[in-house]
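Participant: Sending over coords.csv (CSV, C-alpha atoms).
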```
chain,number,residue,atom,x,y,z
A,1,ASP,CA,-93.9,-12.0,-95.7
A,2,THR,CA,-94.8,-10.6,-92.3
A,3,GLY,CA,-95.4,-7.0,-93.4
A,4,VAL,CA,-98.7,-5.2,-93.7
A,5,SER,CA,-100.7,-6.4,-96.7
A,6,GLN,CA,-103.6,-4.6,-98.4
A,7,ASP,CA,-106.0,-5.9,-101.0
A,8,PRO,CA,-106.9,-5.0,-103.7
A,9,ARG,CA,-103.9,-2.8,-104.8
A,10,HIS,CA,-106.0,-1.1,-107.4
A,11,LYS,CA,-109.8,-0.6,-107.7
A,12,ILE,CA,-111.6,1.3,-110.4
A,13,THR,CA,-115.3,1.8,-109.8
A,14,LYS,CA,-118.2,3.9,-111.1
A,15,ARG,CA,-119.6,6.6,-109.0
A,16,GLY,CA,-122.3,5.4,-106.7
A,17,GLN,CA,-120.9,1.9,-106.2
A,18,ASN,CA,-119.6,0.5,-102.9
A,19,VAL,CA,-116.0,-0.6,-102.4
A,20,THR,CA,-114.3,-2.5,-99.7
A,21,PHE,CA,-110.6,-2.6,-98.9
A,22,ARG,CA,-108.9,-5.2,-96.6
A,23,CYS,CA,-105.8,-4.8,-94.5
A,24,ASP,CA,-103.9,-7.5,-92.7
A,25,PRO,CA,-101.5,-5.9,-90.2
A,26,ILE,CA,-98.3,-7.3,-88.8
A,27,SER,CA,-99.5,-10.1,-86.6
A,28,GLU,CA,-98.1,-8.9,-83.2
A,29,HIS,CA,-99.3,-5.3,-83.7
A,30,ASN,CA,-102.4,-4.3,-81.8
A,31,ARG,CA,-102.9,-0.9,-83.4
A,32,LEU,CA,-104.2,-0.5,-86.9
A,33,TYR,CA,-104.7,2.8,-88.8
A,34,TRP,CA,-106.3,3.8,-92.0
A,35,TYR,CA,-105.1,6.9,-93.9
A,36,ARG,CA,-106.1,8.5,-97.2
A,37,GLN,CA,-103.5,10.2,-99.4
A,38,THR,CA,-104.0,12.3,-102.4
A,39,LEU,CA,-101.3,13.6,-104.8
A,40,GLY,CA,-99.0,16.1,-103.2
A,41,GLN,CA,-100.5,15.7,-99.8
A,42,GLY,CA,-99.4,13.8,-96.7
A,43,PRO,CA,-101.4,10.9,-95.4
A,44,GLU,CA,-104.7,12.1,-93.9
A,45,PHE,CA,-105.9,10.3,-90.7
A,46,LEU,CA,-109.2,8.4,-91.1
A,47,THR,CA,-109.5,6.1,-88.2
A,48,TYR,CA,-107.6,3.8,-85.9
A,49,PHE,CA,-108.2,0.6,-83.8
A,50,GLN,CA,-106.6,-0.8,-80.7
A,51,ASN,CA,-107.4,-4.5,-81.0
A,52,GLU,CA,-111.0,-4.7,-82.1
A,53,ALA,CA,-112.0,-1.3,-80.6
A,54,GLN,CA,-112.3,1.7,-83.0
A,55,LEU,CA,-110.9,4.4,-80.7
A,56,GLU,CA,-111.0,7.4,-83.0
A,57,LYS,CA,-112.6,8.4,-86.2
A,58,SER,CA,-111.8,11.6,-88.2
A,59,ARG,CA,-114.4,14.3,-88.2
A,60,LEU,CA,-113.7,14.6,-91.9
A,61,LEU,CA,-115.0,11.1,-92.5
A,62,SER,CA,-118.5,11.0,-93.8
A,63,ASP,CA,-121.1,8.5,-92.9
A,64,ARG,CA,-120.4,6.7,-96.2
A,65,PHE,CA,-117.2,5.4,-94.7
A,66,SER,CA,-117.1,2.6,-92.2
A,67,ALA,CA,-114.3,0.5,-90.8
A,68,GLU,CA,-114.2,-2.7,-88.8
A,69,ARG,CA,-111.7,-4.9,-87.2
A,70,PRO,CA,-113.4,-8.0,-86.0
A,71,LYS,CA,-111.5,-10.1,-83.5
A,72,GLY,CA,-108.7,-7.5,-83.6
A,73,SER,CA,-107.0,-9.1,-86.6
A,74,PHE,CA,-107.6,-7.9,-90.2
A,75,SER,CA,-109.5,-4.7,-90.9
A,76,THR,CA,-111.9,-3.6,-93.6
A,77,LEU,CA,-112.7,-0.1,-94.9
A,78,GLU,CA,-115.9,0.2,-96.8
A,79,ILE,CA,-116.9,3.2,-98.8
A,80,GLN,CA,-120.6,3.4,-99.8
A,81,ARG,CA,-122.0,5.3,-102.7
A,82,THR,CA,-118.6,6.4,-103.9
A,83,GLU,CA,-118.0,9.9,-105.3
A,84,GLN,CA,-115.2,11.1,-107.5
A,85,GLY,CA,-113.7,12.9,-104.6
A,86,ASP,CA,-113.1,9.6,-102.9
A,87,SER,CA,-110.4,8.8,-105.5
A,88,ALA,CA,-107.2,8.5,-103.5
A,89,MET,CA,-104.6,6.0,-102.1
A,90,TYR,CA,-106.0,4.3,-99.0
A,91,LEU,CA,-103.1,3.4,-96.7
A,92,CYS,CA,-103.2,0.9,-93.9
A,93,ALA,CA,-100.6,0.9,-91.1
A,94,SER,CA,-100.0,-1.0,-88.0
A,95,SER,CA,-98.0,-0.4,-84.9
A,96,SER,CA,-97.1,-2.0,-81.6
A,97,GLY,CA,-98.4,-1.0,-78.2
A,98,PRO,CA,-97.8,2.2,-76.2
A,99,GLY,CA,-94.4,3.7,-75.6
A,100,GLN,CA,-92.8,6.8,-76.9
A,101,GLY,CA,-90.7,5.0,-79.4
A,102,GLY,CA,-93.4,2.4,-80.1
A,103,GLY,CA,-95.4,4.7,-82.3
A,104,GLU,CA,-93.6,3.8,-85.5
A,105,LEU,CA,-96.1,3.0,-88.2
A,106,PHE,CA,-95.5,0.2,-90.7
A,107,PHE,CA,-97.4,0.9,-93.9
A,108,GLY,CA,-98.9,-1.5,-96.4
A,109,GLU,CA,-98.5,-0.8,-100.1
A,110,GLY,CA,-101.9,0.9,-100.3
A,111,SER,CA,-105.1,0.5,-102.2
A,112,ARG,CA,-105.5,3.0,-105.0
A,113,LEU,CA,-109.1,3.9,-105.7
A,114,THR,CA,-110.3,5.5,-108.9
A,115,VAL,CA,-113.9,6.6,-109.1
A,116,LEU,CA,-115.1,7.3,-112.6
B,1,GLN,CA,-103.8,26.4,-88.4
B,2,LYS,CA,-102.8,22.9,-89.6
B,3,GLU,CA,-101.7,20.5,-86.9
B,4,VAL,CA,-98.4,19.7,-88.6
B,5,GLU,CA,-96.9,22.2,-91.1
B,6,GLN,CA,-94.0,21.7,-93.5
B,7,ASN,CA,-92.7,23.7,-96.4
B,8,SER,CA,-93.8,21.8,-99.5
B,9,GLY,CA,-90.7,22.7,-101.4
B,10,PRO,CA,-89.2,21.5,-103.7
B,11,LEU,CA,-85.9,21.8,-101.9
B,12,SER,CA,-83.1,21.3,-104.3
B,13,VAL,CA,-79.5,20.6,-103.0
B,14,PRO,CA,-76.4,19.5,-104.8
B,15,GLU,CA,-74.9,16.1,-104.1
B,16,GLY,CA,-72.8,16.0,-101.0
B,17,ALA,CA,-74.5,19.0,-99.4
B,18,ILE,CA,-76.6,19.2,-96.3
B,19,ALA,CA,-80.3,19.2,-96.7
B,20,SER,CA,-82.4,20.8,-94.0
B,21,LEU,CA,-86.0,20.0,-93.6
B,22,ASN,CA,-88.3,21.7,-91.1
B,23,CYS,CA,-91.6,21.1,-89.4
B,24,THR,CA,-93.8,22.8,-86.8
B,25,TYR,CA,-96.7,21.3,-84.9
B,26,SER,CA,-99.6,22.8,-83.0
B,27,ASP,CA,-100.4,20.4,-80.2
B,28,ARG,CA,-98.2,21.0,-77.1
B,29,GLY,CA,-99.3,17.6,-75.8
B,30,SER,CA,-97.6,15.8,-78.6
B,31,GLN,CA,-95.4,12.9,-77.5
B,32,SER,CA,-93.3,11.6,-80.3
B,33,PHE,CA,-92.1,12.9,-83.5
B,34,PHE,CA,-91.2,11.0,-86.7
B,35,TRP,CA,-89.6,11.6,-90.0
B,36,TYR,CA,-90.8,9.3,-92.9
B,37,ARG,CA,-89.5,9.1,-96.4
B,38,GLN,CA,-91.8,8.5,-99.3
B,39,TYR,CA,-90.6,7.7,-102.8
B,40,SER,CA,-92.9,8.4,-105.6
B,41,GLY,CA,-95.6,5.7,-105.9
B,42,LYS,CA,-94.5,4.0,-102.7
B,43,SER,CA,-95.6,4.0,-99.1
B,44,PRO,CA,-94.0,6.0,-96.3
B,45,GLU,CA,-91.1,4.4,-94.4
B,46,LEU,CA,-89.7,5.5,-91.1
B,47,ILE,CA,-86.3,7.3,-91.1
B,48,MET,CA,-86.1,8.4,-87.5
B,49,PHE,CA,-88.1,9.2,-84.4
B,50,ILE,CA,-87.3,11.6,-81.5
B,51,TYR,CA,-89.2,12.3,-78.3
B,52,SER,CA,-86.7,14.3,-76.2
B,53,ASN,CA,-85.5,17.9,-76.8
B,54,GLY,CA,-82.1,18.0,-78.5
B,55,ASP,CA,-80.5,16.2,-81.3
B,56,LYS,CA,-80.6,12.5,-82.3
B,57,GLU,CA,-78.2,11.2,-84.9
B,58,ASP,CA,-78.4,8.1,-87.0
B,59,GLY,CA,-75.8,7.8,-89.8
B,60,ARG,CA,-76.2,10.7,-92.2
B,61,PHE,CA,-79.5,11.8,-90.5
B,62,THR,CA,-79.9,14.1,-87.5
B,63,ALA,CA,-83.3,14.9,-86.0
B,64,GLN,CA,-83.7,17.9,-83.9
B,65,LEU,CA,-86.5,18.7,-81.5
B,66,ASN,CA,-87.4,21.9,-79.7
B,67,LYS,CA,-90.7,21.4,-77.8
B,68,ALA,CA,-90.7,25.0,-76.5
B,69,SER,CA,-90.8,26.2,-80.1
B,70,GLN,CA,-92.9,23.3,-81.3
B,71,TYR,CA,-90.3,22.7,-84.0
B,72,VAL,CA,-88.8,19.5,-85.4
B,73,SER,CA,-86.1,19.3,-88.1
B,74,LEU,CA,-84.2,16.7,-90.1
B,75,LEU,CA,-80.7,17.2,-91.4
B,76,ILE,CA,-79.4,15.0,-94.1
B,77,ARG,CA,-75.6,15.2,-94.5
B,78,ASP,CA,-73.7,14.2,-97.6
B,79,SER,CA,-77.0,14.2,-99.6
B,80,GLN,CA,-77.2,11.6,-102.4
B,81,PRO,CA,-79.4,11.4,-105.4
B,82,SER,CA,-81.1,8.4,-103.8
B,83,ASP,CA,-82.3,10.7,-101.0
B,84,SER,CA,-84.6,12.4,-103.5
B,85,ALA,CA,-88.0,11.8,-102.1
B,86,THR,CA,-90.8,13.4,-100.2
B,87,TYR,CA,-90.1,13.7,-96.4
B,88,LEU,CA,-93.0,13.6,-94.1
B,89,CYS,CA,-93.0,15.0,-90.6
B,90,ALA,CA,-95.4,13.1,-88.3
B,91,VAL,CA,-96.5,13.8,-84.8
B,92,LYS,CA,-98.0,11.3,-82.3
B,93,VAL,CA,-100.5,13.3,-80.3
B,94,TRP,CA,-101.8,12.5,-76.8
B,95,SER,CA,-104.5,10.2,-78.1
B,96,PHE,CA,-101.9,8.0,-79.8
B,97,LYS,CA,-103.1,9.2,-83.2
B,98,THR,CA,-100.3,10.1,-85.7
B,99,ILE,CA,-100.8,13.2,-87.7
B,100,PHE,CA,-98.7,13.9,-90.9
B,101,GLY,CA,-97.6,17.0,-92.5
B,102,ALA,CA,-98.0,17.5,-96.3
B,103,GLY,CA,-94.4,16.6,-96.9
B,104,THR,CA,-91.4,18.4,-98.3
B,105,ARG,CA,-90.1,17.3,-101.7
B,106,LEU,CA,-86.3,17.0,-101.8
B,107,PHE,CA,-84.3,16.8,-105.0
B,108,VAL,CA,-80.6,16.0,-104.8
B,109,LYS,CA,-78.8,17.0,-108.0
B,110,ALA,CA,-75.9,14.8,-109.1
```
Starting from the file, give its structure as structure tokens.
Facilitator:
Amino acid sequence: DTGVSQDPRHKITKRGQNVTFRCDPISEHNRLYWYRQTLGQGPEFLTYFQNEAQLEKSRLLSDRFSAERPKGSFSTLEIQRTEQGDSAMYLCASSSGPGQGGGELFFGEGSRLTVL
Amino acid sequence: QKEVEQNSGPLSVPEGAIASLNCTYSDRGSQSFFWYRQYSGKSPELIMFIYSNGDKEDGRFTAQLNKASQYVSLLIRDSQPSDSATYLCAVKVWSFKTIFGAGTRLFVKA
């Protein structure tokens, strides 16, 4: 399977715990995105990488959130001291390089977080 | 003002009718425009993209772009029950970030 893969698919945690999600993008894609989606809303941009460089981070993202993409391959999204408001689907997407039609995002199946 | 705005719906159309979905965006520097379909419990998948003013057709789907009005639309002809989903309008802004609208829920009645 050469699509975007995310792990774990589901995570239930208690408030205050740390969680980490992993995303493996399509191998030839140099751009990787993290989004958060809650029920009835569209995906909300969190951050994105071009290769290993984190180029933009949403102002809505608190300091409890951190993302990395070492070596420009897989990426991790860590949430520290989780809160109930962090409960959401965390979507990873990847895309190829610049170009007007090259902005198509290929999404993984998502990692659903439930904070109790 | 939200960066990408859509009517949340639901939009209900009978089978075989034309479904019309609309979207407006705020950033005049936006480069490319996308329509994604999202079934319940699934991830978004691309239907079409458009970056030039005018119409672009692909099978039963037609995307329309009017940059002067900052308006994008998607027409679905001969709507089928399998088209029932949430349709997300997405805009790639100058920084190459893609911003999504909240989505419009479409129901196609058999």
Participant: Should the cut-off be 12 Å, what would the residue list for chain A against chain B look like, counting all atoms listed in the file, as a PyMOL selection string?
Facilitator: chain A and resi 4-6+9+31-50+54-58+89-112
Participant: Write a file of the just-selected residues containing C-alpha atoms, as a compact mmCIF listing (two decimals), keeping the file's coordinate frame.
Facilitator:
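So part_34.txt came out as:
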```
# COMPACT_ATOMS: atom_id res chain seq x y z
CA VAL A 4 -98.70 -5.20 -93.70
CA SER A 5 -100.70 -6.40 -96.70
CA GLN A 6 -103.60 -4.60 -98.40
CA ARG A 9 -103.90 -2.80 -104.80
CA ARG A 31 -102.90 -0.90 -83.40
CA LEU A 32 -104.20 -0.50 -86.90
CA TYR A 33 -104.70 2.80 -88.80
CA TRP A 34 -106.30 3.80 -92.00
CA TYR A 35 -105.10 6.90 -93.90
CA ARG A 36 -106.10 8.50 -97.20
CA GLN A 37 -103.50 10.20 -99.40
CA THR A 38 -104.00 12.30 -102.40
CA LEU A 39 -101.30 13.60 -104.80
CA GLY A 40 -99.00 16.10 -103.20
CA GLN A 41 -100.50 15.70 -99.80
CA GLY A 42 -99.40 13.80 -96.70
CA PRO A 43 -101.40 10.90 -95.40
CA GLU A 44 -104.70 12.10 -93.90
CA PHE A 45 -105.90 10.30 -90.70
CA LEU A 46 -109.20 8.40 -91.10
CA THR A 47 -109.50 6.10 -88.20
CA TYR A 48 -107.60 3.80 -85.90
CA PHE A 49 -108.20 0.60 -83.80
CA GLN A 50 -106.60 -0.80 -80.70
CA GLN A 54 -112.30 1.70 -83.00
CA LEU A 55 -110.90 4.40 -80.70
CA GLU A 56 -111.00 7.40 -83.00
CA LYS A 57 -112.60 8.40 -86.20
CA SER A 58 -111.80 11.60 -88.20
CA MET A 89 -104.60 6.00 -102.10
CA TYR A 90 -106.00 4.30 -99.00
CA LEU A 91 -103.10 3.40 -96.70
CA CYS A 92 -103.20 0.90 -93.90
CA ALA A 93 -100.60 0.90 -91.10
CA SER A 94 -100.00 -1.00 -88.00
CA SER A 95 -98.00 -0.40 -84.90
CA SER A 96 -97.10 -2.00 -81.60
CA GLY A 97 -98.40 -1.00 -78.20
CA PRO A 98 -97.80 2.20 -76.20
CA GLY A 99 -94.40 3.70 -75.60
CA GLN A 100 -92.80 6.80 -76.90
CA GLY A 101 -90.70 5.00 -79.40
CA GLY A 102 -93.40 2.40 -80.10
CA GLY A 103 -95.40 4.70 -82.30
CA GLU A 104 -93.60 3.80 -85.50
CA LEU A 105 -96.10 3.00 -88.20
CA PHE A 106 -95.50 0.20 -90.70
CA PHE A 107 -97.40 0.90 -93.90
CA GLY A 108 -98.90 -1.50 -96.40
CA GLU A 109 -98.50 -0.80 -100.10
CA GLY A 110 -101.90 0.90 -100.30
CA SER A 111 -105.10 0.50 -102.20
CA ARG A 112 -105.50 3.00 -105.00
```
Participant: For stretch 57-59 of chain B, please output as a PyMOL selection string all residues within 10 Å (counting only C-alpha atoms; exclusion window: fewer than 3 positions along the same chain).
Facilitator: chain B and resi 47-48+50+62-64+74-77
Participant: Give me, please, the distance in Å between atom CA of B:Pro10 and atom CA of B:Thr24, quoted to one decimal.
Facilitator: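 We find that atom CA of B:Pro10 and atom CA of B:Thr24 lie 17.6 Å from each other.
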Participant: One decimal, in Å: what's the spacing between atom CA of B:Ser79 and atom CA of B:Ile18?
Facilitator: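 Distance between the two atoms: 6.0 Å.
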Participant: Could you please determine the separation between atom CA of B:Tyr39 and atom CA of B:Ala17 in Å, to one decimal place?
Facilitator: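 Distance reported for this atom pair: 20.0 Å.
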Participant: Counting all atoms listed in the file, which of B:Glu5, B:Leu21, B:Ser73, B:Gly16 gets nearest to B:Ala85?
Facilitator: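 Counting all atoms listed in the file, the residue closest to B:Ala85 is B:Leu21.
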Participant: Do you know which residues are at most 8 Å from A:Asn18 counting all atoms listed in the file, after dropping those on the same chain fewer than 6 positions away, and could you put them as a compact mmCIF listing (two decimals) with C-alpha atoms, in the coordinates of the input?
Facilitator:
```txt
# COMPACT_ATOMS: atom_id res chain seq x y z
CA GLU A 78 -115.90 0.20 -96.80
CA ILE A 79 -116.90 3.20 -98.80
CA GLN A 80 -120.60 3.40 -99.80
CA ARG A 81 -122.00 5.30 -102.70
CA THR A 82 -118.60 6.40 -103.90
```
Participant: So that I can see what lies close to A:Glu68, please list as a list in words the residues with an atom at most 9 Å from it, counting all atoms listed in the file and leaving out residues fewer than 2 positions away in the same chain.
Facilitator: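 The residues satisfying every condition are Phe49, Glu52, Ala53, Gln54, Ser66, Pro70, Gly72, Phe74, Ser75, Thr76, Leu77 and Glu78 of chain A.
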Participant: Write out as a list of chain:residue names the residues lying within 8 Å of B:Val108, counting all atoms listed in the file and excluding same-chain residues fewer than 2 positions away.
Facilitator: B:Ser12, B:Val13, B:Pro14, B:Glu15, B:Ser79, B:Gln80, B:Pro81, B:Ser82, B:Asp83, B:Ser84, B:Leu106, B:Ala110
